[in-house]
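> Have a look at the structure that comes next, please.
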Amino acid sequence: MNCLYCQERLPLLKRMQGWRYCSEEHAQQDLEEFGRAALVALSVATSSQTEDTRVAPGMAQAG
Ligand SMILES: [Zn+2]
């Protein structure tokens, strides 16, 4: 098992504790990059829904 961020080999103690990174710093940096990618994916997914909600206000007034 190597660090998912820098590919450095993890010490046995960290491996036994279930670590995937050689340090907490690398874990946070990798999660930050993953979080940014997830935000981009979210904004792309929600942008297609905003077109549908544009119809909603007009329909509310009609009633
Ligand atoms: Zn690392």
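In the structure tokens, chains take letters A, B, ... by order of appearance, with residues numbered from 1 within each chain and ligands from 1 in the order shown.
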Could you give me, as JSON lines, every chain A residue with an atom at most 12 Å from ligand 1, plus its closest atom pair and distance in Å to one decimal, counting only C-alpha atoms and all ligand atoms, rows ordered by chain then number?

{"residue": "A:Met1", "atom": "CA", "partner": "ligand 1", "partner_atom_place_in_ligand_line": "1 (Zn)", "distance": 11.4}
{"residue": "A:Asn2", "atom": "CA", "partner": "ligand 1", "partner_atom_place_in_ligand_line": "1 (Zn)", "distance": 8.0}
{"residue": "A:Cys3", "atom": "CA", "partner": "ligand 1", "partner_atom_place_in_ligand_line": "1 (Zn)", "distance": 4.7}
{"residue": "A:Leu4", "atom": "CA", "partner": "ligand 1", "partner_atom_place_in_ligand_line": "1 (Zn)", "distance": 6.7}
{"residue": "A:Tyr5", "atom": "CA", "partner": "ligand 1", "partner_atom_place_in_ligand_line": "1 (Zn)", "distance": 5.0}
{"residue": "A:Cys6", "atom": "CA", "partner": "ligand 1", "partner_atom_place_in_ligand_line": "1 (Zn)", "distance": 4.1}
{"residue": "A:Gln7", "atom": "CA", "partner": "ligand 1", "partner_atom_place_in_ligand_line": "1 (Zn)", "distance": 6.2}
{"residue": "A:Glu8", "atom": "CA", "partner": "ligand 1", "partner_atom_place_in_ligand_line": "1 (Zn)", "distance": 5.7}
{"residue": "A:Arg9", "atom": "CA", "partner": "ligand 1", "partner_atom_place_in_ligand_line": "1 (Zn)", "distance": 8.2}
{"residue": "A:Leu10", "atom": "CA", "partner": "ligand 1", "partner_atom_place_in_ligand_line": "1 (Zn)", "distance": 8.2}
{"residue": "A:Pro11", "atom": "CA", "partner": "ligand 1", "partner_atom_place_in_ligand_line": "1 (Zn)", "distance": 11.1}
{"residue": "A:Lys14", "atom": "CA", "partner": "ligand 1", "partner_atom_place_in_ligand_line": "1 (Zn)", "distance": 11.8}
{"residue": "A:Trp19", "atom": "CA", "partner": "ligand 1", "partner_atom_place_in_ligand_line": "1 (Zn)", "distance": 10.6}
{"residue": "A:Arg20", "atom": "CA", "partner": "ligand 1", "partner_atom_place_in_ligand_line": "1 (Zn)", "distance": 8.7}
{"residue": "A:Tyr21", "atom": "CA", "partner": "ligand 1", "partner_atom_place_in_ligand_line": "1 (Zn)", "distance": 5.3}
{"residue": "A:Cys22", "atom": "CA", "partner": "ligand 1", "partner_atom_place_in_ligand_line": "1 (Zn)", "distance": 4.3}
{"residue": "A:Ser23", "atom": "CA", "partner": "ligand 1", "partner_atom_place_in_ligand_line": "1 (Zn)", "distance": 5.9}
{"residue": "A:Glu24", "atom": "CA", "partner": "ligand 1", "partner_atom_place_in_ligand_line": "1 (Zn)", "distance": 8.6}
{"residue": "A:Glu25", "atom": "CA", "partner": "ligand 1", "partner_atom_place_in_ligand_line": "1 (Zn)", "distance": 7.9}
{"residue": "A:His26", "atom": "CA", "partner": "ligand 1", "partner_atom_place_in_ligand_line": "1 (Zn)", "distance": 5.1}
{"residue": "A:Ala27", "atom": "CA", "partner": "ligand 1", "partner_atom_place_in_ligand_line": "1 (Zn)", "distance": 7.6}
{"residue": "A:Gln28", "atom": "CA", "partner": "ligand 1", "partner_atom_place_in_ligand_line": "1 (Zn)", "distance": 10.3}
{"residue": "A:Gln29", "atom": "CA", "partner": "ligand 1", "partner_atom_place_in_ligand_line": "1 (Zn)", "distance": 9.5}
{"residue": "A:Asp30", "atom": "CA", "partner": "ligand 1", "partner_atom_place_in_ligand_line": "1 (Zn)", "distance": 9.3}
> Quick one: pull the distance between atom CA of A:Gly35 and atom CA of A:Gly18, Å, one decimal.
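We find that atom CA of A:Gly35 and atom CA of A:Gly18 lie 21.0 Å from each other.
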> What does the structure give for the distance between atom CA of A:Met16 and atom CA of A:Glu33, in Å to one decimal?
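According to the coordinates, atom CA of A:Met16 and atom CA of A:Glu33 are separated by 25.4 Å.
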